[in-house]
Amino acid sequence: MRNRCLLCLLLFPLGCSLSAQSVQLSLSESIDLAIDSSLQAFRAKNVYMANYWAYRSYKAGRLPSLTLRTTPLEYRRDFTRRYDSNENIDVYRRQQSLYSYGNLSISQNFDLTGGTFFIDSELGYMRNFGTDNYSQFSSVPIRIGYSQSLFGFNSFKWDKQIEPLKYKKAQIQYLYAQEEIAETTIQYFFSLAMAQMEYDMALATVASSDTLYRIGQERQKIASISQGDLLTLKLDAVNARNTLKNAEISLKRASFSFASYLHLDKETQVKTELPGRPANLTISSGKALQYALENNPDFMANKQERLEAEREVDRTKKSSTFDASISASVGFNQVAGNLAGVYRNPLQQDIVSVGLTIPLIDWGVRKGRANMAVNNLNVTKISIQQREESLEQDVIMTVNDFNIQQDLINSAEEAMELATMAYNVTKERFVIGKADLNSLTLSLNRQNSAQRNYISALRDYWLNYYKLRKLTLFDFAKEAPLSVLFDKAMNTGKR
């Protein structure tokens, strides 16, 4: 079925220069084609890929990084201030020097504490020009160190909770977007189906009204009907042709809109194949609500929003108090007049530093920010609770509407069959003069209304079904979560 849709998509542009193409699509084929080819699907795919690469960047940031920092060449010729110990004064002296430096380091962030381990190696070269020319090399063959904020904000810990959650939400948001595409497709599909039905009814009404008018003319000759009834029959024939023209315009607009949404050639004439009566499927509101809690991206977005608000509280609270940091490293270093010498008998290098940041007077700025973050967190929790309650109500009401809609389809189908039978009987009775014009007109209106109600019932059924799929991301017909579709789409490039 999917290959048939794609084949149609490929063949349409080839023949559009010759004549307008016509294709017949079922509801499921239309949905598959929209998910493959519509602009809405293209946007959903690119939104997901942006989140995918953001998560890849986060994962890459958790791996060890190799960095080269270098100053390949720095040449200076200027006057610089120097201390003259003989005169006990500062003097300006001319200086001409050449400098080169390189550092190769491997660093790894430690999520639990927020610190950073590193291993690096350095090599430097300096040459002075002038009356006393000399050159020096300096090296740090290896150095191992660690830096840590003792009481500060640990962004790594929060990222470890939030970033995987954001990527998981992006995955199910992609499925959610596909179900939204299905809902939109259903709207376009049944709008076109309704327009086609109105056009077919208008055609039938024109043929019927012309026939009835000719019969009326014959009956008026024998005084079987009045002149007023004959004029009414003629008026019905004229109105039927006007209705047919309006129905044709509406049909072209609906077909153009549907083809445009499916990203087909604009001249393509799409004919809908109405789905049959759906199989009886009763859905439990309890199960639907459970699937929504597990799969709906809005619940996951609420969790992400809550974590981000809690992260902001943690950040502002820790920034409002004093902070201490420690940095320690151990390694070797050496200085020599040649390159080989800097790697002979290196001396041990130990560096330890402790830093303190103590806010003394800030007039309550940090405290105000911390309190504001706490208040924002409380507002966020209340907003999340309201949205979740609203979403739960939406799921329950959609389940109820869906279960009721199945009975409505059965009733609408039965009403359509009865209305058609009644119209045929009334028409036959009118032809032989046993029914009046008012009865015929009323019977025709009932038939048309019954056909419209049947298509509307089908549309509402499928809209409720796919809305329920969207809210729960669960296929109730196959008893399987839609996440299986995501894995398949990512592995094969298809839905």
# chains A, B, ... in the order shown; residues from 1 in each chain; ligands from 1

$ residues_around --residues "Ile351 in chain A" --least-positions-apart "6" --cutoff "10 Å" --atoms "only C-alpha atoms" --output "list in words"
Gly145, Ser327, Ala328, Ser329, Val330 and Gly331 of chain A

$ select_by_dssp --residues "range 155-381 of chain A" --states "alpha helix (DSSP H)" --output "PyMOL selection string"
chain A and resi 155-221+227-261+285-295+297-319+365-381

$ atom_distance --atom1 "CA of Gly61 in chain A" --atom2 "CA of Ile162 in chain A"
14.3 Å

$ residues_around --residues "Ser30 in chain A" --least-positions-apart "3" --cutoff "9 Å" --atoms "only C-alpha atoms" --output "list in words"
Cys5, Leu25, Ser26, Leu27, Leu33, Ala34, Ile35, Ala182, Thr185, Ile186, Phe189, Leu262 and Thr272 of chain A

$ write_last_selection --atoms "N, CA and C atoms" --output "PDB file, in the first residue's frame"
ATOM      1  N   CYS A   5       1.391   4.284  -2.910  1.00  0.00           N
ATOM      2  CA  CYS A   5       1.291   5.741  -2.699  1.00  0.00           C
ATOM      3  C   CYS A   5       2.513   6.454  -3.255  1.00  0.00           C
ATOM      4  N   LEU A  25      -7.565   7.297  -3.695  1.00  0.00           N
ATOM      5  CA  LEU A  25      -6.823   6.988  -2.477  1.00  0.00           C
ATOM      6  C   LEU A  25      -7.790   6.601  -1.366  1.00  0.00           C
ATOM      7  N   SER A  26      -7.395   5.585  -0.613  1.00  0.00           N
ATOM      8  CA  SER A  26      -8.133   5.244   0.595  1.00  0.00           C
ATOM      9  C   SER A  26      -7.636   6.123   1.732  1.00  0.00           C
ATOM     10  N   LEU A  27      -8.291   6.027   2.871  1.00  0.00           N
ATOM     11  CA  LEU A  27      -7.882   6.844   4.006  1.00  0.00           C
ATOM     12  C   LEU A  27      -6.485   6.459   4.487  1.00  0.00           C
ATOM     13  N   LEU A  33       0.819   8.535   2.701  1.00  0.00           N
ATOM     14  CA  LEU A  33       1.415   9.471   1.754  1.00  0.00           C
ATOM     15  C   LEU A  33       1.712  10.810   2.421  1.00  0.00           C
ATOM     16  N   ALA A  34       0.820  11.278   3.289  1.00  0.00           N
ATOM     17  CA  ALA A  34       1.044  12.542   3.998  1.00  0.00           C
ATOM     18  C   ALA A  34       2.238  12.444   4.930  1.00  0.00           C
ATOM     19  N   ILE A  35       2.360  11.310   5.611  1.00  0.00           N
ATOM     20  CA  ILE A  35       3.480  11.131   6.545  1.00  0.00           C
ATOM     21  C   ILE A  35       4.800  11.040   5.795  1.00  0.00           C
ATOM     22  N   ALA A 182      -1.750  12.699  10.644  1.00  0.00           N
ATOM     23  CA  ALA A 182      -2.875  11.813  10.338  1.00  0.00           C
ATOM     24  C   ALA A 182      -4.206  12.518  10.591  1.00  0.00           C
ATOM     25  N   THR A 185      -4.788  14.996   7.848  1.00  0.00           N
ATOM     26  CA  THR A 185      -5.135  14.272   6.622  1.00  0.00           C
ATOM     27  C   THR A 185      -6.595  13.831   6.638  1.00  0.00           C
ATOM     28  N   ILE A 186      -7.060  13.376   7.796  1.00  0.00           N
ATOM     29  CA  ILE A 186      -8.460  12.947   7.917  1.00  0.00           C
ATOM     30  C   ILE A 186      -9.400  14.119   7.638  1.00  0.00           C
ATOM     31  N   PHE A 189      -9.274  14.674   3.928  1.00  0.00           N
ATOM     32  CA  PHE A 189      -9.849  13.515   3.233  1.00  0.00           C
ATOM     33  C   PHE A 189     -11.375  13.568   3.261  1.00  0.00           C
ATOM     34  N   LEU A 262      -0.867  16.938   0.426  1.00  0.00           N
ATOM     35  CA  LEU A 262      -0.094  15.713   0.201  1.00  0.00           C
ATOM     36  C   LEU A 262       1.170  15.973  -0.602  1.00  0.00           C
ATOM     37  N   THR A 272     -11.593  10.023  -3.362  1.00  0.00           N
ATOM     38  CA  THR A 272     -11.496   9.308  -2.084  1.00  0.00           C
ATOM     39  C   THR A 272     -12.258   7.993  -2.138  1.00  0.00           C
TER      40      THR A 272
END

$ residues_around --residues "Ile106 in chain A" --least-positions-apart "6" --cutoff "7 Å" --atoms "only C-alpha atoms" --output "list in words"
Pro64, Ser65, Leu66, Thr67, Phe118, Ile119 and Asp120 of chain A

$ closest_residue --among "A:Asn371, A:Gln173, A:Asn345, A:Ser325" --to "Pro141 in chain A" --atoms "only C-alpha atoms"
A:Asn345

$ atom_distance --atom1 "CA of Leu192 in chain A" --atom2 "CA of His263 in chain A"
15.7 Å

$ closest_residue --among "A:Asn239, A:Ser320, A:Thr398, A:Ser439" --to "Pro359 in chain A" --atoms "only C-alpha atoms"
A:Ser320

$ residues_around --residues "range 379-386 of chain A" --least-positions-apart "6" --cutoff "10 Å" --atoms "only C-alpha atoms" --output "count of residues only"
12

$ select_by_dssp --residues "range 114-297 of chain A" --states "strand (DSSP E or B)" --output "PyMOL selection string"
chain A and resi 115-129+134-149+269-273

$ write_last_selection --atoms "C-alpha atoms" --output "mmCIF file, in the first residue's frame"
data_model
loop_
_atom_site.group_PDB
_atom_site.id
_atom_site.type_symbol
_atom_site.label_atom_id
_atom_site.label_comp_id
_atom_site.auth_asym_id
_atom_site.auth_seq_id
_atom_site.Cartn_x
_atom_site.Cartn_y
_atom_site.Cartn_z
ATOM 1 C CA GLY A 115 35.044 18.613 38.594
ATOM 2 C CA THR A 116 37.474 18.067 35.721
ATOM 3 C CA PHE A 117 40.434 15.697 35.440
ATOM 4 C CA PHE A 118 43.192 16.530 33.001
ATOM 5 C CA ILE A 119 46.511 15.209 31.695
ATOM 6 C CA ASP A 120 48.665 17.521 29.637
ATOM 7 C CA SER A 121 52.121 18.127 28.228
ATOM 8 C CA GLU A 122 53.810 21.456 27.384
ATOM 9 C CA LEU A 123 56.745 22.653 25.367
ATOM 10 C CA GLY A 124 57.952 26.244 25.115
ATOM 11 C CA TYR A 125 60.821 28.056 23.350
ATOM 12 C CA MET A 126 62.172 31.570 23.971
ATOM 13 C CA ARG A 127 65.010 33.459 22.264
ATOM 14 C CA ASN A 128 66.240 36.932 23.148
ATOM 15 C CA PHE A 129 68.193 39.073 20.682
ATOM 16 C CA TYR A 134 70.448 33.358 24.422
ATOM 17 C CA SER A 135 67.824 30.690 23.894
ATOM 18 C CA GLN A 136 65.877 28.531 26.297
ATOM 19 C CA PHE A 137 63.517 25.590 26.054
ATOM 20 C CA SER A 138 61.026 24.690 28.767
ATOM 21 C CA SER A 139 58.913 21.574 29.015
ATOM 22 C CA VAL A 140 56.351 19.816 31.135
ATOM 23 C CA PRO A 141 56.633 16.215 29.885
ATOM 24 C CA ILE A 142 53.523 15.173 31.783
ATOM 25 C CA ARG A 143 51.198 16.688 34.345
ATOM 26 C CA ILE A 144 48.083 15.239 35.968
ATOM 27 C CA GLY A 145 45.588 17.470 37.695
ATOM 28 C CA TYR A 146 42.060 17.979 38.949
ATOM 29 C CA SER A 147 39.976 21.105 39.498
ATOM 30 C CA GLN A 148 36.778 21.244 41.520
ATOM 31 C CA SER A 149 34.274 23.756 42.796
ATOM 32 C CA GLN A 269 -7.617 15.162 -9.067
ATOM 33 C CA VAL A 270 -7.877 12.966 -5.994
ATOM 34 C CA LYS A 271 -10.852 10.690 -5.533
ATOM 35 C CA THR A 272 -11.496 9.308 -2.084
ATOM 36 C CA GLU A 273 -12.329 5.725 -1.302
#

$ decode --residues "range 341-369 of chain A" --atoms "N, CA and C atoms" --output "PDB file, in the first residue's frame"
ATOM      1  N   GLY A 341      67.667  18.672  26.084  1.00  0.00           N
ATOM      2  CA  GLY A 341      67.944  18.850  27.500  1.00  0.00           C
ATOM      3  C   GLY A 341      66.702  18.997  28.363  1.00  0.00           C
ATOM      4  N   VAL A 342      65.607  19.477  27.801  1.00  0.00           N
ATOM      5  CA  VAL A 342      64.429  19.715  28.630  1.00  0.00           C
ATOM      6  C   VAL A 342      63.723  18.418  29.005  1.00  0.00           C
ATOM      7  N   TYR A 343      64.160  17.305  28.419  1.00  0.00           N
ATOM      8  CA  TYR A 343      63.550  16.024  28.773  1.00  0.00           C
ATOM      9  C   TYR A 343      64.511  15.137  29.569  1.00  0.00           C
ATOM     10  N   ARG A 344      65.641  15.724  30.018  1.00  0.00           N
ATOM     11  CA  ARG A 344      66.576  14.985  30.863  1.00  0.00           C
ATOM     12  C   ARG A 344      66.423  15.421  32.314  1.00  0.00           C
ATOM     13  N   ASN A 345      66.328  14.438  33.187  1.00  0.00           N
ATOM     14  CA  ASN A 345      66.246  14.684  34.626  1.00  0.00           C
ATOM     15  C   ASN A 345      65.226  15.772  34.986  1.00  0.00           C
ATOM     16  N   PRO A 346      63.989  15.608  34.572  1.00  0.00           N
ATOM     17  CA  PRO A 346      62.999  16.646  34.905  1.00  0.00           C
ATOM     18  C   PRO A 346      62.750  16.699  36.411  1.00  0.00           C
ATOM     19  N   LEU A 347      62.444  17.887  36.898  1.00  0.00           N
ATOM     20  CA  LEU A 347      62.153  18.101  38.307  1.00  0.00           C
ATOM     21  C   LEU A 347      60.655  17.982  38.548  1.00  0.00           C
ATOM     22  N   GLN A 348      60.281  17.570  39.740  1.00  0.00           N
ATOM     23  CA  GLN A 348      58.856  17.429  40.066  1.00  0.00           C
ATOM     24  C   GLN A 348      58.221  18.800  40.211  1.00  0.00           C
ATOM     25  N   GLN A 349      56.998  18.896  39.654  1.00  0.00           N
ATOM     26  CA  GLN A 349      56.248  20.159  39.724  1.00  0.00           C
ATOM     27  C   GLN A 349      54.944  19.892  40.473  1.00  0.00           C
ATOM     28  N   ASP A 350      54.701  20.588  41.566  1.00  0.00           N
ATOM     29  CA  ASP A 350      53.478  20.450  42.362  1.00  0.00           C
ATOM     30  C   ASP A 350      52.812  21.815  42.458  1.00  0.00           C
ATOM     31  N   ILE A 351      51.540  21.831  42.082  1.00  0.00           N
ATOM     32  CA  ILE A 351      50.793  23.091  42.128  1.00  0.00           C
ATOM     33  C   ILE A 351      49.467  22.821  42.815  1.00  0.00           C
ATOM     34  N   VAL A 352      49.172  23.564  43.850  1.00  0.00           N
ATOM     35  CA  VAL A 352      47.895  23.475  44.556  1.00  0.00           C
ATOM     36  C   VAL A 352      47.386  24.894  44.768  1.00  0.00           C
ATOM     37  N   SER A 353      46.136  25.119  44.425  1.00  0.00           N
ATOM     38  CA  SER A 353      45.561  26.442  44.654  1.00  0.00           C
ATOM     39  C   SER A 353      44.160  26.290  45.210  1.00  0.00           C
ATOM     40  N   VAL A 354      43.821  27.167  46.105  1.00  0.00           N
ATOM     41  CA  VAL A 354      42.485  27.202  46.709  1.00  0.00           C
ATOM     42  C   VAL A 354      41.945  28.615  46.534  1.00  0.00           C
ATOM     43  N   GLY A 355      40.742  28.710  46.029  1.00  0.00           N
ATOM     44  CA  GLY A 355      40.137  30.010  45.813  1.00  0.00           C
ATOM     45  C   GLY A 355      38.830  30.142  46.577  1.00  0.00           C
ATOM     46  N   LEU A 356      38.549  31.322  47.067  1.00  0.00           N
ATOM     47  CA  LEU A 356      37.313  31.605  47.799  1.00  0.00           C
ATOM     48  C   LEU A 356      36.623  32.802  47.177  1.00  0.00           C
ATOM     49  N   THR A 357      35.317  32.681  47.011  1.00  0.00           N
ATOM     50  CA  THR A 357      34.499  33.802  46.563  1.00  0.00           C
ATOM     51  C   THR A 357      33.427  34.019  47.617  1.00  0.00           C
ATOM     52  N   ILE A 358      33.494  35.177  48.309  1.00  0.00           N
ATOM     53  CA  ILE A 358      32.590  35.434  49.435  1.00  0.00           C
ATOM     54  C   ILE A 358      31.823  36.718  49.159  1.00  0.00           C
ATOM     55  N   PRO A 359      30.524  36.634  48.925  1.00  0.00           N
ATOM     56  CA  PRO A 359      29.743  37.867  48.760  1.00  0.00           C
ATOM     57  C   PRO A 359      29.573  38.579  50.102  1.00  0.00           C
ATOM     58  N   LEU A 360      29.995  39.819  50.156  1.00  0.00           N
ATOM     59  CA  LEU A 360      29.905  40.568  51.409  1.00  0.00           C
ATOM     60  C   LEU A 360      28.666  41.455  51.427  1.00  0.00           C
ATOM     61  N   ILE A 361      28.560  42.354  50.489  1.00  0.00           N
ATOM     62  CA  ILE A 361      27.385  43.239  50.421  1.00  0.00           C
ATOM     63  C   ILE A 361      26.917  43.300  48.970  1.00  0.00           C
ATOM     64  N   ASP A 362      25.710  42.835  48.728  1.00  0.00           N
ATOM     65  CA  ASP A 362      25.131  42.959  47.395  1.00  0.00           C
ATOM     66  C   ASP A 362      23.702  43.478  47.468  1.00  0.00           C
ATOM     67  N   TRP A 363      23.312  43.969  48.663  1.00  0.00           N
ATOM     68  CA  TRP A 363      22.003  44.574  48.877  1.00  0.00           C
ATOM     69  C   TRP A 363      20.846  43.611  48.555  1.00  0.00           C
ATOM     70  N   GLY A 364      21.090  42.340  48.803  1.00  0.00           N
ATOM     71  CA  GLY A 364      20.022  41.347  48.646  1.00  0.00           C
ATOM     72  C   GLY A 364      19.763  40.881  47.233  1.00  0.00           C
ATOM     73  N   VAL A 365      20.684  41.181  46.296  1.00  0.00           N
ATOM     74  CA  VAL A 365      20.461  40.786  44.897  1.00  0.00           C
ATOM     75  C   VAL A 365      20.436  39.270  44.765  1.00  0.00           C
ATOM     76  N   ARG A 366      21.431  38.593  45.330  1.00  0.00           N
ATOM     77  CA  ARG A 366      21.499  37.125  45.205  1.00  0.00           C
ATOM     78  C   ARG A 366      20.343  36.457  45.937  1.00  0.00           C
ATOM     79  N   LYS A 367      20.017  36.954  47.108  1.00  0.00           N
ATOM     80  CA  LYS A 367      18.906  36.380  47.859  1.00  0.00           C
ATOM     81  C   LYS A 367      17.584  36.569  47.108  1.00  0.00           C
ATOM     82  N   GLY A 368      17.428  37.731  46.478  1.00  0.00           N
ATOM     83  CA  GLY A 368      16.214  37.983  45.708  1.00  0.00           C
ATOM     84  C   GLY A 368      16.089  37.036  44.521  1.00  0.00           C
ATOM     85  N   ARG A 369      17.205  36.799  43.859  1.00  0.00           N
ATOM     86  CA  ARG A 369      17.175  35.869  42.725  1.00  0.00           C
ATOM     87  C   ARG A 369      16.843  34.449  43.183  1.00  0.00           C
TER      88      ARG A 369
END
